[in-house]
Amino acid sequence: MSRIAKHLLPDSAKTNALGHLEIGGCDLISLAEKFGTPTFVYDEAHLRARCQEAVRAFGKQRVVYATKAFLCGAMARLAYEEGLLLDVATGGELFVALNAGVPGSACVMHGNNKSTEELKMALDAEVQHIVVDNFDELDRLDALHASGAKRARVQLRITPGVAVHTHEFVSTGQDDSKFGFNLRNGDAQRAVDRVRSSASVEFVGIHCHIGSNVFAAENFTQAAQIMVDFANQLGVDELTLGGGLGVAYIESEHAPTITQWAESLAAATAKLSKTTKVFVEPGRAIVASAAVTLYRIGSIKQLPGIRTYVAVDGGMSDNPRPVLYDSGYESFLPARADADRTERARVVGKHCESGDVLINDAILPSGYAVGDVLATPVTGAYGHSMGSNYNKVTRPPVVFVRDGVARVVVRRETYSDLVSLDVADSV
Ligand SMILES: *Cc1c(COP(=O)(O)O)cnc(C)c1O
């Protein structure tokens, strides 16, 4: 195996005179020394380029960044500055967006079990729209309106009944789903009838999201055609086609670009009424390949005839995806960015579980040793956001790099943070 493939690295990645990998003009080995490990390093220009590509393809205020993929104040501001709206699915995500200075009118409220408090928070913030998931939520919106809350602009989440090629945990558009109003059994039409005659909400459109990490254009176009037919039949002003565009995590994978995704959606929505505005909600495709995680190797255990274990100083607490979805990753040594990779090993974390595997079957350059920095690319989505402090491992910092400057946008968690929620006099 040769060096790590370019298409898995952030746009600005290049090998410098020392043979080290550089991102945003910053040497990864220097970053590991300066900020410690593990650390998430994001190429800010790459993030902005993906936002700009999406806005070019779909229009300003038509791209709703799914914040659950990666959210902190800096990312919320970046997406807003680039003309994206923000998809928030909980009160917590809405709080982080508002706290970053993003106006409520740039936020879209999601969630399959929004509490009354979360709905009230969204109404008070005057969010762009609420994507209503179920009848119980409509009851709660009615009750809020009756007690004086503003009238919500709502889209209805529809389950179009398409099964997609992805992991079952992230497939959401099939009939057997916890999300949305089922189209086939008539729930979708019943929900439309209810909101059209409701005084507490303003019905503006319909929404679907069929799943995540989807590669096949036909999955998107099939769902889009079903939604276009329904939207035309209803004569709605707005149609959201969800997110879900997949990204390549390993060398053999190649994903469509945001532009190609837009082209297939444009073809599938050709028959949509010209007055209906189309929204999309990409998360992963904006942020995943913008980041790499830097770890340090702490232990190498050789089991002749079985395998080699390479243990790093993070694991399932900063990247639970391999455990959750059996996801594949690649790795490389930033100190020898162009070295051929010839040695097979299992890269594991430091948690007290055999399942704490980052890469089942990694390939590394020969001669790697304890103390080396090891990097995994494409960790910008659903890593930091799904992380935990299991085993009371402190969460890594997030560093944005650009034009030779590295700035910490989320600091490393400290031991004091780990006890900051304990109530001191409760013993
Ligand atoms: C998760 C989610 C998205 C984004 O999914 P990605 O796969 O990250 O693009 C968009 N819309 C909704 C409703 C979601 O739940």
# chains A, B, ... in the order shown; residues from 1 in each chain; ligands from 1
call {"tool": "select_by_dssp", "arguments": {"residues": "stretch 300-398 of chain A", "states": "alpha helix (DSSP H)", "output": "JSON, numbers by chain"}}
result
{"A": [321, 322, 323, 324, 325]}
call {"tool": "write_last_selection", "arguments": {"atoms": "all heavy atoms", "output": "CSV table (one decimal), in the first residue's frame"}}
result
chain,number,residue,atom,x,y,z
A,321,ARG,N,-17.6,5.7,16.2
A,321,ARG,CA,-18.2,5.2,15.0
A,321,ARG,C,-17.8,3.7,14.6
A,321,ARG,O,-18.6,2.9,14.2
A,321,ARG,CB,-17.9,6.1,13.8
A,321,ARG,CG,-18.6,7.4,13.9
A,321,ARG,CD,-18.6,8.3,12.6
A,321,ARG,NE,-19.3,7.6,11.5
A,321,ARG,CZ,-18.8,7.0,10.5
A,321,ARG,NH1,-17.5,6.8,10.4
A,321,ARG,NH2,-19.6,6.4,9.6
A,322,PRO,N,-16.5,3.4,14.8
A,322,PRO,CA,-16.1,2.0,14.6
A,322,PRO,C,-16.9,1.0,15.4
A,322,PRO,O,-17.4,-0.1,15.0
A,322,PRO,CB,-14.6,1.9,14.9
A,322,PRO,CG,-14.2,3.3,14.7
A,322,PRO,CD,-15.3,4.2,15.1
A,323,VAL,N,-17.2,1.4,16.7
A,323,VAL,CA,-17.9,0.5,17.6
A,323,VAL,C,-19.4,0.5,17.2
A,323,VAL,O,-20.1,-0.6,17.2
A,323,VAL,CB,-17.8,0.9,19.1
A,323,VAL,CG1,-18.5,0.0,20.0
A,323,VAL,CG2,-16.3,1.0,19.5
A,324,LEU,N,-19.9,1.7,16.9
A,324,LEU,CA,-21.4,1.8,16.6
A,324,LEU,C,-21.8,1.2,15.3
A,324,LEU,O,-22.8,0.5,15.2
A,324,LEU,CB,-21.8,3.2,16.6
A,324,LEU,CG,-22.1,3.9,17.9
A,324,LEU,CD1,-22.3,5.4,17.6
A,324,LEU,CD2,-23.4,3.4,18.5
A,325,TYR,N,-21.0,1.5,14.3
A,325,TYR,CA,-21.4,1.1,12.9
A,325,TYR,C,-20.4,0.2,12.2
A,325,TYR,O,-20.5,-0.1,11.0
A,325,TYR,CB,-21.5,2.4,12.0
A,325,TYR,CG,-22.2,3.5,12.7
A,325,TYR,CD1,-21.6,4.8,12.8
A,325,TYR,CD2,-23.6,3.4,13.1
A,325,TYR,CE1,-22.3,5.8,13.4
A,325,TYR,CE2,-24.2,4.5,13.6
A,325,TYR,CZ,-23.6,5.7,13.8
A,325,TYR,OH,-24.2,6.8,14.3
call {"tool": "residues_near_ligand", "arguments": {"ligand": "ligand 1", "cutoff": "10 Å", "atoms": "only C-alpha atoms and all ligand atoms", "output": "PyMOL selection string"}}
result
chain A and resi 64-70+87-89+108-112+131+133+157+170-172+179-180+207-214+240-247+280-288+381-382
call {"tool": "residues_around", "arguments": {"residues": "stretch 290-299 of chain A", "least_positions_apart": "5", "cutoff": "8 Å", "atoms": "only C-alpha atoms", "output": "ChimeraX atom specification"}}
result
/A:9-11,28,32,37-44,46-47,309-314,369-380
